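query_5.txt follows (compact mmCIF, C-alpha atoms):
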# COMPACT_ATOMS: atom_id res chain seq x y z
CA MET A 1 -52.65 -32.84 -3.33
CA ASN A 2 -49.30 -33.29 -4.99
CA ARG A 3 -50.12 -30.71 -7.62
CA PHE A 4 -51.12 -28.23 -4.93
CA LYS A 5 -47.80 -28.76 -3.18
CA ASP A 6 -45.92 -28.17 -6.42
CA SER A 7 -47.66 -24.94 -7.15
CA LYS A 8 -46.94 -23.70 -3.68
CA HIS A 9 -43.29 -24.54 -4.19
CA LEU A 10 -43.34 -22.64 -7.47
CA GLN A 11 -44.92 -19.70 -5.73
CA ASN A 12 -42.13 -19.72 -3.21
CA ILE A 13 -39.56 -19.63 -5.98
CA LYS A 14 -41.38 -16.80 -7.70
CA HIS A 15 -41.53 -14.99 -4.42
CA LEU A 16 -37.76 -15.34 -4.03
CA GLN A 17 -37.23 -14.02 -7.53
CA ASN A 18 -39.24 -10.95 -6.68
CA ILE A 19 -36.92 -10.00 -3.85
CA LYS A 20 -34.69 -7.11 -4.84
CA PRO A 21 -30.97 -7.92 -5.22
CA ARG A 22 -30.25 -5.33 -2.56
CA VAL A 23 -32.35 -7.23 -0.03
CA LEU A 24 -30.79 -10.57 -1.02
CA LEU A 25 -27.35 -9.02 -0.60
CA ALA A 26 -28.32 -7.70 2.80
CA MET A 27 -29.59 -11.13 3.82
CA ALA A 28 -26.23 -12.66 2.95
CA LEU A 29 -23.83 -9.97 4.14
CA ILE A 30 -25.37 -8.73 7.38
CA PRO A 31 -25.21 -12.13 9.13
CA LEU A 32 -21.60 -12.57 7.97
CA ALA A 33 -20.70 -9.09 9.19
CA LEU A 34 -22.39 -9.81 12.53
CA VAL A 35 -20.27 -12.94 12.89
CA ILE A 36 -17.07 -11.10 12.09
CA ALA A 37 -18.01 -8.30 14.49
CA ALA A 38 -18.69 -10.78 17.28
CA VAL A 39 -15.55 -12.93 17.05
CA PRO A 40 -12.24 -11.67 18.47
CA GLU A 41 -9.54 -10.70 16.00
CA ASN A 42 -7.02 -13.37 15.14
CA THR A 43 -3.92 -12.44 17.09
CA THR A 44 -1.94 -15.61 16.60
CA LYS A 45 0.89 -13.46 15.21
CA PRO A 46 1.71 -11.03 18.01
CA TYR A 47 4.44 -8.49 17.42
CA LYS A 48 6.53 -9.68 20.31
CA LEU A 49 8.72 -12.48 19.04
CA THR A 50 9.72 -15.57 20.95
CA ILE A 51 13.46 -16.04 21.41
CA GLU A 52 13.40 -18.74 18.70
CA GLU A 53 11.75 -16.32 16.31
CA VAL A 54 14.35 -13.66 17.08
CA VAL A 55 17.09 -16.17 16.28
CA GLY A 56 15.21 -17.08 13.10
CA GLU A 57 14.93 -13.44 12.03
CA ILE A 58 18.62 -12.85 12.68
CA THR A 59 19.69 -15.87 10.67
CA ASP A 60 17.28 -14.93 7.86
CA GLY A 61 18.55 -11.35 7.93
CA ALA A 62 14.95 -10.15 7.73
CA GLN A 63 15.78 -7.10 9.83
CA TYR A 64 18.26 -5.71 7.30
CA PHE A 65 17.95 -2.89 4.82
CA THR A 66 20.83 -2.88 2.35
CA ALA A 67 22.99 0.20 1.83
CA ASP A 68 21.64 0.55 -1.71
CA GLN A 69 18.05 0.52 -0.48
CA ILE A 70 18.78 3.16 2.15
CA ALA A 71 20.66 5.36 -0.32
CA ASP A 72 17.70 5.13 -2.65
CA LEU A 73 15.24 6.05 0.13
CA ILE A 74 17.39 9.00 1.23
CA ILE A 75 17.49 10.38 -2.30
CA GLN A 76 13.77 9.89 -2.77
CA LYS A 77 13.34 11.76 0.53
CA ASP A 78 10.96 9.03 1.57
CA PRO A 79 9.23 10.46 4.65
CA SER A 80 8.42 7.01 6.05
CA ILE A 81 12.07 6.25 6.83
CA GLN A 82 13.77 7.38 10.04
CA LEU A 83 17.49 6.68 10.26
CA ILE A 84 18.75 6.28 13.82
CA ASP A 85 22.45 6.56 14.60
CA VAL A 86 23.19 4.53 17.73
CA ARG A 87 26.85 5.63 18.02
CA PRO A 88 28.07 8.07 20.70
CA LYS A 89 27.35 11.76 20.21
CA ASP A 90 30.86 12.82 19.15
CA GLU A 91 31.02 10.21 16.40
CA PHE A 92 27.59 11.30 15.24
CA GLU A 93 28.74 14.90 15.02
CA THR A 94 31.78 13.94 12.95
CA TYR A 95 29.74 12.17 10.34
CA HIS A 96 26.20 10.95 10.02
CA LEU A 97 23.78 10.04 7.28
CA PRO A 98 21.41 12.77 6.08
CA GLY A 99 18.35 13.13 8.27
CA ALA A 100 19.56 10.70 10.95
CA LEU A 101 18.66 11.01 14.62
CA ASN A 102 21.29 10.30 17.26
CA ILE A 103 20.11 7.86 19.94
CA PRO A 104 23.19 6.30 21.58
CA ILE A 105 22.58 2.79 22.92
CA SER A 106 22.84 4.16 26.48
CA ASP A 107 19.87 6.45 25.82
CA LEU A 108 17.76 3.80 24.16
CA LEU A 109 15.61 3.14 27.22
CA SER A 110 15.01 6.78 28.11
CA ASP A 111 11.44 8.07 27.91
CA GLU A 112 12.62 10.88 25.66
CA TRP A 113 12.88 8.49 22.71
CA LEU A 114 9.95 6.24 23.51
CA GLU A 115 7.66 7.94 21.01
CA THR A 116 10.28 7.64 18.30
CA LEU A 117 10.94 3.96 18.86
CA ASP A 118 7.46 2.67 19.75
CA GLN A 119 5.21 3.88 16.95
CA ASP A 120 3.61 2.56 13.81
CA VAL A 121 4.01 5.50 11.46
CA ARG A 122 7.63 5.40 10.30
CA THR A 123 10.19 2.73 9.60
CA ASN A 124 13.21 3.06 11.90
CA VAL A 125 16.57 1.94 10.56
CA PHE A 126 19.37 1.63 13.12
CA TYR A 127 22.97 1.99 12.09
CA SER A 128 26.38 2.02 13.74
CA ASN A 129 29.92 1.65 12.42
CA GLY A 130 29.57 -2.11 12.06
CA THR A 131 26.36 -3.93 12.81
CA VAL A 132 26.95 -5.02 16.40
CA GLN A 133 25.54 -1.98 18.15
CA SER A 134 22.72 -1.49 15.67
CA ASN A 135 21.70 -5.12 16.08
CA GLN A 136 21.80 -4.69 19.85
CA ALA A 137 19.47 -1.73 19.52
CA TRP A 138 17.22 -3.75 17.22
CA ILE A 139 17.04 -6.68 19.65
CA ILE A 140 16.26 -4.39 22.58
CA CYS A 141 13.44 -2.70 20.67
CA THR A 142 12.08 -5.94 19.25
CA GLN A 143 12.02 -7.57 22.68
CA ARG A 144 10.17 -4.57 24.08
CA GLY A 145 7.50 -5.32 21.47
CA PHE A 146 8.21 -2.30 19.25
CA LYS A 147 7.60 -2.82 15.57
CA ASN A 148 8.90 -1.12 12.41
CA ASN A 149 12.55 -1.38 13.46
CA TYR A 150 15.31 -2.44 11.06
CA VAL A 151 19.09 -2.40 10.70
CA LEU A 152 21.38 -0.98 8.01
CA GLN A 153 23.23 -3.99 6.65
CA GLY A 154 26.99 -3.70 7.03
CA GLY A 155 26.73 -0.43 8.93
CA LEU A 156 28.64 2.73 8.09
CA ASN A 157 31.80 0.83 7.20
CA TYR A 158 30.07 -0.91 4.36
CA TRP A 159 28.29 2.31 3.45
CA ALA A 160 31.65 4.05 3.11
CA GLU A 161 32.99 1.23 0.96
CA THR A 162 30.07 0.94 -1.38
CA ILE A 163 28.21 4.22 -1.57
CA LEU A 164 30.95 6.73 -0.77
CA ASN A 165 33.86 4.98 -2.50
CA PRO A 166 32.43 2.56 -5.01
CA GLN A 167 35.12 0.37 -6.54
CA ARG A 168 35.11 -0.16 -10.26
CA PRO A 169 34.56 -3.88 -10.90
CA ASP A 170 37.02 -5.92 -12.94
CA GLN A 171 36.64 -5.90 -16.70
CA THR A 172 35.57 -9.52 -16.52
CA ALA A 173 32.88 -8.91 -13.90
CA PRO A 174 29.29 -9.69 -14.82
CA ASN A 175 27.04 -6.89 -16.06
CA ASP A 176 25.18 -6.87 -12.75
CA GLU A 177 28.30 -5.65 -11.02
CA PHE A 178 28.70 -2.77 -13.47
CA ALA A 179 25.04 -1.80 -13.04
CA LYS A 180 25.54 -1.79 -9.28
CA TYR A 181 28.69 0.30 -9.66
CA ASP A 182 26.96 2.86 -11.88
CA PHE A 183 24.07 3.04 -9.44
CA ARG A 184 26.37 3.62 -6.49
CA LYS A 185 28.38 6.25 -8.32
CA ALA A 186 25.20 8.07 -9.20
CA MET A 187 24.05 7.74 -5.58
CA ASN A 188 27.32 9.16 -4.39
CA GLY A 189 26.90 12.14 -6.69
CA ALA A 190 23.32 12.74 -5.63
CA LEU A 191 24.24 12.49 -1.96
CA GLY A 192 26.75 15.29 -2.34
CA GLY A 193 29.73 13.21 -3.37
CA GLY A 194 33.05 12.96 -1.59
CA THR A 195 34.35 10.50 0.91
CA LEU A 196 34.05 10.17 4.65
CA GLU A 197 36.19 13.27 5.16
CA ALA A 198 33.60 15.41 3.48
CA GLN A 199 30.77 16.39 5.81
CA SER A 200 27.49 14.89 4.80
CA THR A 201 25.31 17.27 2.89
CA PRO A 202 21.56 17.12 3.25
CA ALA A 203 19.71 15.22 0.59
CA SER A 204 17.91 18.39 -0.47
CA SER A 205 21.07 19.52 -2.25
CA ALA A 206 20.83 16.43 -4.42
CA GLY A 207 22.15 16.85 -7.89
CA THR A 208 20.91 14.75 -10.74
CA MET A 209 18.63 11.92 -9.79
CA PRO A 210 20.33 8.63 -10.45
CA GLU A 211 18.63 5.86 -12.33
CA VAL A 212 17.52 3.59 -9.53
CA ALA A 213 17.91 -0.13 -10.00
CA LYS A 214 14.64 -1.04 -8.29
CA LYS A 215 14.83 -3.98 -5.99
CA PRO A 216 12.06 -3.35 -3.53
CA LYS A 217 12.20 -4.95 -0.13
CA LYS A 218 9.80 -7.85 -0.15
CA LYS A 219 7.98 -6.95 2.98
CA LYS A 220 4.37 -6.60 2.04
CA ALA A 221 1.95 -7.37 -0.73
CA ALA A 222 1.30 -4.14 -2.56
CA GLY A 223 -2.16 -3.41 -3.84
CA GLY A 224 -3.84 -0.77 -5.90
CA CYS A 225 -6.84 0.21 -7.96
CA MET B 1 -0.27 -19.09 4.46
CA GLY B 2 -1.22 -15.95 2.53
CA PRO B 3 -0.36 -13.49 1.08
CA LEU B 4 1.02 -15.98 -1.44
CA SER B 5 3.78 -13.93 -3.04
CA VAL B 6 5.04 -12.33 0.18
CA ASN B 7 5.41 -15.72 1.82
CA GLU B 8 7.12 -16.89 -1.37
CA ILE B 9 4.61 -19.69 -1.95
CA ILE B 10 4.37 -18.38 -5.52
CA SER B 11 7.03 -16.37 -7.34
CA SER B 12 6.46 -12.73 -8.19
CA ASN B 13 6.22 -13.72 -11.86
CA THR B 14 3.41 -16.14 -11.08
CA ASN B 15 1.86 -13.35 -9.05
CA PHE B 16 1.92 -11.05 -12.08
CA PHE B 17 0.51 -13.80 -14.26
CA LEU B 18 -2.39 -14.35 -11.85
CA ALA B 19 -2.96 -10.59 -11.75
CA PHE B 20 -3.01 -10.61 -15.55
CA LEU B 21 -5.70 -13.32 -15.63
CA ILE B 22 -7.75 -11.61 -12.94
CA GLY B 23 -7.38 -8.33 -14.83
CA ILE B 24 -8.73 -9.87 -18.02
CA GLY B 25 -11.67 -11.31 -16.08
CA PHE B 26 -12.29 -7.97 -14.43
CA GLY B 27 -12.22 -6.11 -17.73
CA PHE B 28 -14.53 -8.66 -19.35
CA VAL B 29 -17.11 -8.33 -16.57
CA LEU B 30 -16.89 -4.54 -16.64
CA GLU B 31 -17.47 -4.47 -20.38
CA SER B 32 -20.28 -6.99 -20.40
CA SER B 33 -22.02 -5.10 -17.59
CA GLY B 34 -22.13 -1.99 -19.76
CA PHE B 35 -19.50 -0.06 -17.84
CA SER B 36 -17.79 0.97 -21.05
CA SER B 37 -20.56 3.53 -21.52
CA SER B 38 -19.62 6.89 -20.06
CA ARG B 39 -23.28 7.45 -19.13
CA LYS B 40 -23.02 4.68 -16.57
CA LEU B 41 -20.42 6.47 -14.48
CA ALA B 42 -21.81 9.96 -14.96
CA GLY B 43 -25.16 8.50 -13.89
CA VAL B 44 -23.90 8.04 -10.35
CA PHE B 45 -23.33 11.79 -10.08
CA TYR B 46 -26.67 12.74 -11.63
CA GLY B 47 -28.52 9.95 -9.82
CA TYR B 48 -30.20 8.22 -12.76
CA ASP B 49 -27.99 5.12 -12.67
CA THR B 50 -26.13 3.99 -9.55
CA VAL B 51 -25.05 0.56 -10.79
CA VAL B 52 -21.36 1.54 -10.68
CA LEU B 53 -21.63 2.52 -7.04
CA LYS B 54 -23.44 -0.70 -6.20
CA VAL B 55 -21.07 -2.97 -8.10
CA PHE B 56 -17.86 -1.47 -6.73
CA PHE B 57 -19.11 -1.19 -3.17
CA THR B 58 -20.42 -4.76 -3.26
CA ALA B 59 -16.98 -5.87 -4.44
CA ALA B 60 -15.32 -3.89 -1.65
CA ILE B 61 -17.47 -5.22 1.18
CA THR B 62 -17.31 -8.78 -0.15
CA ALA B 63 -13.52 -8.59 -0.32
CA MET B 64 -13.40 -7.00 3.13
CA LEU B 65 -15.49 -9.77 4.72
CA GLY B 66 -13.56 -12.40 2.78
CA LEU B 67 -10.21 -11.11 4.04
CA LEU B 68 -11.46 -10.91 7.62
CA PHE B 69 -12.77 -14.48 7.49
CA PHE B 70 -9.52 -15.66 5.88
CA SER B 71 -7.63 -13.97 8.69
CA LEU B 72 -9.95 -15.57 11.26
CA PHE B 73 -9.21 -19.02 9.82
CA GLY B 74 -5.49 -18.26 9.71
CA TRP B 75 -5.33 -18.38 5.92
CA VAL B 76 -3.94 -14.90 5.44
CA ASP B 77 -1.74 -12.74 7.66
CA LEU B 78 -3.33 -9.29 7.47
CA SER B 79 -0.25 -7.66 8.98
CA LEU B 80 1.59 -8.52 5.75
CA VAL B 81 -1.01 -6.92 3.51
CA TYR B 82 0.18 -3.55 2.26
CA VAL B 83 -1.65 -0.49 3.54
CA ASN B 84 -1.09 2.61 1.46
CA PRO B 85 0.61 5.44 3.34
CA THR B 86 -1.57 8.48 3.95
CA PHE B 87 -0.43 11.88 2.71
CA TRP B 88 -3.21 14.33 3.55
CA HIS B 89 -2.52 17.00 0.92
CA SER B 90 -2.14 14.47 -1.90
CA ALA B 91 -5.13 12.42 -0.80
CA ILE B 92 -7.54 15.34 -0.68
CA SER B 93 -6.39 17.16 -3.82
CA GLY B 94 -6.07 13.87 -5.70
CA GLY B 95 -9.59 12.92 -4.69
CA VAL B 96 -10.97 16.20 -5.97
CA ILE B 97 -9.09 15.95 -9.29
CA MET B 98 -10.09 12.31 -9.83
CA GLY B 99 -13.70 12.94 -8.86
CA ALA B 100 -14.00 15.89 -11.22
CA GLY B 101 -12.36 13.83 -13.97
CA PHE B 102 -14.84 10.98 -13.45
CA ILE B 103 -17.84 13.32 -13.84
CA ILE B 104 -16.45 15.29 -16.78
CA GLY B 105 -15.02 12.30 -18.64
CA GLY B 106 -17.60 9.70 -17.66
CA PHE B 107 -14.95 7.06 -17.07
CA CYS B 108 -12.74 5.81 -14.30
CA PRO B 109 -9.28 4.50 -15.25
CA GLY B 110 -10.61 0.91 -15.40
CA THR B 111 -13.73 1.57 -17.46
CA SER B 112 -11.86 3.90 -19.83
CA VAL B 113 -9.58 1.02 -20.84
CA CYS B 114 -12.68 -1.16 -21.34
CA GLY B 115 -14.23 1.52 -23.55
CA ALA B 116 -10.97 1.99 -25.47
CA ALA B 117 -10.75 -1.76 -26.03
CA ILE B 118 -14.04 -1.77 -27.91
CA GLY B 119 -13.05 1.34 -29.84
CA LYS B 120 -15.08 4.07 -28.16
CA ILE B 121 -13.65 7.40 -29.24
CA ASP B 122 -14.47 9.21 -25.99
CA ALA B 123 -12.72 6.44 -24.05
CA LEU B 124 -9.67 6.69 -26.32
CA VAL B 125 -9.52 10.43 -25.67
CA PHE B 126 -9.88 9.77 -21.94
CA VAL B 127 -6.99 7.27 -21.97
CA GLY B 128 -4.92 9.82 -23.92
CA GLY B 129 -5.65 12.39 -21.22
CA LEU B 130 -4.68 9.89 -18.57
CA PHE B 131 -1.25 9.37 -20.09
CA LEU B 132 -0.84 13.10 -20.64
CA GLY B 133 -1.55 13.60 -16.93
CA ILE B 134 0.97 10.92 -15.97
CA PHE B 135 3.56 12.53 -18.25
CA ILE B 136 3.02 16.02 -16.83
CA PHE B 137 3.14 14.70 -13.28
CA GLY B 138 6.33 12.76 -13.92
CA GLU B 139 8.16 15.51 -15.78
CA GLY B 140 7.08 18.23 -13.38
CA TYR B 141 7.73 16.13 -10.28
CA PRO B 142 10.29 18.49 -8.69
CA LEU B 143 7.68 21.30 -8.81
CA TRP B 144 5.15 19.45 -6.64
CA GLU B 145 7.36 17.04 -4.76
CA ASP B 146 7.05 18.97 -1.50
CA PHE B 147 3.28 19.18 -1.78
CA TYR B 148 3.09 15.53 -2.83
CA LYS B 149 4.85 14.37 0.30
CA ALA B 150 3.31 16.85 2.73
CA GLY B 151 1.06 15.77 5.57
CA PHE B 152 2.52 12.29 5.98
CA ALA B 153 0.40 10.42 8.51
CA GLY B 154 1.89 6.93 8.42
CA PHE B 155 -0.15 3.87 7.56
CA PRO B 156 -3.31 4.39 9.56
CA LYS B 157 -6.33 2.12 9.44
CA LEU B 158 -9.81 3.49 10.06
CA ASN B 159 -10.58 1.05 12.88
CA GLU B 160 -7.36 2.03 14.70
CA VAL B 161 -8.18 5.73 14.35
CA LEU B 162 -11.70 5.15 15.69
CA GLY B 163 -10.46 2.76 18.37
CA ILE B 164 -12.83 -0.08 17.47
CA SER B 165 -12.17 -3.63 16.30
CA GLN B 166 -11.86 -4.55 12.63
CA GLY B 167 -15.03 -6.63 12.84
CA ILE B 168 -17.22 -3.85 14.27
CA LEU B 169 -15.93 -1.46 11.59
CA ALA B 170 -16.69 -4.06 8.92
CA LEU B 171 -20.25 -4.38 10.19
CA LEU B 172 -20.66 -0.59 10.14
CA ILE B 173 -19.32 -0.39 6.58
CA VAL B 174 -21.66 -3.16 5.40
CA LEU B 175 -24.65 -1.36 6.95
CA MET B 176 -23.48 1.94 5.46
CA ALA B 177 -23.08 0.39 2.01
CA LEU B 178 -26.55 -1.17 2.12
CA ALA B 179 -28.04 2.16 3.20
CA MET B 180 -26.21 3.80 0.30
CA PHE B 181 -27.63 1.25 -2.16
CA TRP B 182 -31.10 2.05 -0.85
CA VAL B 183 -30.51 5.78 -1.36
CA GLY B 184 -29.14 5.00 -4.83
CA GLU B 185 -32.23 3.10 -5.89
CA TRP B 186 -34.39 5.85 -4.51
CA ALA B 187 -32.40 8.36 -6.59
CA GLU B 188 -32.82 6.23 -9.73
CA GLN B 189 -36.58 6.56 -9.35
CA LYS B 190 -36.40 10.22 -8.44
CA PHE B 191 -34.16 11.33 -11.35
CA PRO B 192 -35.00 8.99 -14.25
CA ARG B 193 -33.84 9.75 -17.77
CA GLU B 194 -36.12 8.88 -20.63
CA GLU B 195 -33.43 9.03 -23.30
CA TYR B 196 -31.09 6.83 -21.30
Take the structure in this file and express it as structure tokens.
Amino acid sequence: MNRFKDSKHLQNIKHLQNIKPRVLLAMALIPLALVIAAVPENTTKPYKLTIEEVVGEITDGAQYFTADQIADLIIQKDPSIQLIDVRPKDEFETYHLPGALNIPISDLLSDEWLETLDQDVRTNVFYSNGTVQSNQAWIICTQRGFKNNYVLQGGLNYWAETILNPQRPDQTAPNDEFAKYDFRKAMNGALGGGTLEAQSTPASSAGTMPEVAKKPKKKKAAGGC
Amino acid sequence: MGPLSVNEIISSNTNFFLAFLIGIGFGFVLESSGFSSSRKLAGVFYGYDTVVLKVFFTAAITAMLGLLFFSLFGWVDLSLVYVNPTFWHSAISGGVIMGAGFIIGGFCPGTSVCGAAIGKIDALVFVGGLFLGIFIFGEGYPLWEDFYKAGFAGFPKLNEVLGISQGILALLIVLMALAMFWVGEWAEQKFPREEY
């Protein structure tokens, strides 16, 4: 009796071994896929932030792009970046960054700009002279549940100081400072040069491409084949 | 919790080190599965050997289900996982160039390095061509920059475009992959090669 049982068990094993790998794979993956199709998606991280989270983001500075990063993106003509100037129209016309849109804070809620602000294709970067207005714009958009919105750190004032008029560091400054200075000078040249008085020239007239000191924004895990 | 490096649980150097170890493992498995033979990859096109298709698609659907379950358990935040931007012109022309290169050369970038590592001359030539291509692309970048960046469509995901949930799409892809494996095995019987 026992021997008979054993042989049957062996037969079962043999039978299993005869199943094609494709069928075994199907037996494992289809039930798993059915489970994952049946359960709701995990939405424990909604885009709309609680007020504590907003405070946390502001203190972390997670909403900022630095001037160097933006200058780099402008020169690379990165199509995923949309600069948004939140200053009044006349200030915008006097000077603005290449490729920027003008959406004054007062117009921020108008339907005209809804498609620009509430989308998941491009990365919006707000800027103003300082960072007060741009941060206001960022908070308004974030509280409305819009994603992909960021702020230019230091605003145009800092932009003018660093990118348009880079200051040569002291002789005793660390090498990092000199690298930053060279980068900014090269940026300035590629962006058309000059100071605030000079009208901004579009990035397409860029001269020589500067050597970019890569410091990518740690936002997402990159992948590839 | 995850992704580990984005949430700064591990440093980016540790991340690279882990990638290095995984890469060695990946290369070892590719080589020991016979993928360093150019006939293996060309076989997918001619139908006599579809192992490459089966292996890579099995890896893809396993990883897909794994990520979705990890997300379900709250172990990984999928919104922090990078999705490549879509540029229509680049994607389509790049696909055609890569596909033609796979058939003509009999390698994909991964298997060519495997073949080169064991000293296969055709793989060494393939890797040489790969670097030549990179060099020409890099040096001639201003010529095709406009084309390269044309047709920007953001960071779309297939399930968002189709308007279905991630889970339903995953189920459809698993079923599609299994159907493809079935067709592949049918093709292997239909177009056998004696000399292979």
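Of the listed residues (B:Ile164, B:Ala177, B:Leu72, B:Val183), B:Leu72 comes nearest to Pro40 in chain A; the distances count all atoms listed in the file.
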Exercise. Could you jot down the CA of Lys190 in chain B to CA of Lys20 in chain A separation for me, Å, one decimal place?
Key: 17.8 Å
Exercise. Within 7 Å of chain A, which residues of chain B are there when counting all atoms listed in the file? Please give them as a list in words.
Key: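 Listing them in order of chain and number gives Pro3, Val6, Leu65, Ser71, Leu72, Leu80, Val81, Tyr82, Ala153, Gly154, Phe155, Gly167, Ile168, Ala170, Leu171, Val174 and Leu178 of chain B.
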Expected file contents, prior selection, C-alpha atoms, as a PDB file, keeping the file's coordinate frame:
ATOM      1  CA  PRO B   3      -0.360 -13.490   1.080  1.00  0.00           C
ATOM      2  CA  VAL B   6       5.040 -12.330   0.180  1.00  0.00           C
ATOM      3  CA  LEU B  65     -15.490  -9.770   4.720  1.00  0.00           C
ATOM      4  CA  SER B  71      -7.630 -13.970   8.690  1.00  0.00           C
ATOM      5  CA  LEU B  72      -9.950 -15.570  11.260  1.00  0.00           C
ATOM      6  CA  LEU B  80       1.590  -8.520   5.750  1.00  0.00           C
ATOM      7  CA  VAL B  81      -1.010  -6.920   3.510  1.00  0.00           C
ATOM      8  CA  TYR B  82       0.180  -3.550   2.260  1.00  0.00           C
ATOM      9  CA  ALA B 153       0.400  10.420   8.510  1.00  0.00           C
ATOM     10  CA  GLY B 154       1.890   6.930   8.420  1.00  0.00           C
ATOM     11  CA  PHE B 155      -0.150   3.870   7.560  1.00  0.00           C
ATOM     12  CA  GLY B 167     -15.030  -6.630  12.840  1.00  0.00           C
ATOM     13  CA  ILE B 168     -17.220  -3.850  14.270  1.00  0.00           C
ATOM     14  CA  ALA B 170     -16.690  -4.060   8.920  1.00  0.00           C
ATOM     15  CA  LEU B 171     -20.250  -4.380  10.190  1.00  0.00           C
ATOM     16  CA  VAL B 174     -21.660  -3.160   5.400  1.00  0.00           C
ATOM     17  CA  LEU B 178     -26.550  -1.170   2.120  1.00  0.00           C
TER      18      LEU B 178
END
Self-check item: Shell of 8 Å around Gly151 in chain B, only C-alpha atoms, local chain residues under 4 positions omitted, as a list of chain:residue names
Solution: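 Using only C-alpha atoms, the neighbours found are B:Thr86, B:Phe87, B:Trp88, B:His89.
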Exercise. Using all atoms listed in the file, find the one residue out of A:Asn18, A:Gly189, A:Val55, A:Tyr64 that sits nearest to Asn148 in chain A.
Key: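 Using all atoms listed in the file, the shortest distance to Asn148 in chain A belongs to A:Tyr64.
We find CA of Ala67 in chain A and CA of Gly154 in chain A to be spaced 7.6 Å apart.
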Exercise. Could you please determine the separation between CA of Tyr95 in chain A and CA of Gln153 in chain A in Å, to one decimal place?
Key: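 Value for the CA of Tyr95 in chain A-CA of Gln153 in chain A distance: 17.8 Å.
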Quiz item: Is there a way to get, as a ChimeraX atom specification, all residues within 10 Å of the point (-26.2, -3.6, -8.2) in file coordinates, counting all atoms listed in the file?
Solution: /A:20-22,25 /B:49-58,181,184-185
Dump of C-alpha atoms for the selected residues, as a short mmCIF file (atom, residue, chain, number, x, y, z; two decimals), in the frame of the given file:
data_model
loop_
_atom_site.label_atom_id
_atom_site.label_comp_id
_atom_site.auth_asym_id
_atom_site.auth_seq_id
_atom_site.Cartn_x
_atom_site.Cartn_y
_atom_site.Cartn_z
CA LYS A 20 -34.69 -7.11 -4.84
CA PRO A 21 -30.97 -7.92 -5.22
CA ARG A 22 -30.25 -5.33 -2.56
CA LEU A 25 -27.35 -9.02 -0.60
CA ASP B 49 -27.99 5.12 -12.67
CA THR B 50 -26.13 3.99 -9.55
CA VAL B 51 -25.05 0.56 -10.79
CA VAL B 52 -21.36 1.54 -10.68
CA LEU B 53 -21.63 2.52 -7.04
CA LYS B 54 -23.44 -0.70 -6.20
CA VAL B 55 -21.07 -2.97 -8.10
CA PHE B 56 -17.86 -1.47 -6.73
CA PHE B 57 -19.11 -1.19 -3.17
CA THR B 58 -20.42 -4.76 -3.26
CA PHE B 181 -27.63 1.25 -2.16
CA GLY B 184 -29.14 5.00 -4.83
CA GLU B 185 -32.23 3.10 -5.89
#
Quiz prompt | Best match for closeness to Gly155 in chain A among A:Thr66, A:Gln143, A:Asn188, A:Asn12, counting all atoms listed in the file | solution =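 With all atoms listed in the file as the atom set, the closest residue is A:Thr66.
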Quiz item: With distances taken over all atoms listed in the file, which of A:Thr94, A:Ser106, A:Asn175, A:Asn124 is nearest to Lys147 in chain A?
Solution: A:Asn124
Need to verify the contact set: Ser37 in chain B, 7 Å, all atoms listed in the file, exclusion of same-chain residues closer than 3 positions in sequence. Can you return it as a CSV table (one decimal) with C-alpha atoms, in the coordinates of the input?
chain,number,residue,atom,x,y,z
B,34,GLY,CA,-22.1,-2.0,-19.8
B,40,LYS,CA,-23.0,4.7,-16.6
B,115,GLY,CA,-14.2,1.5,-23.6
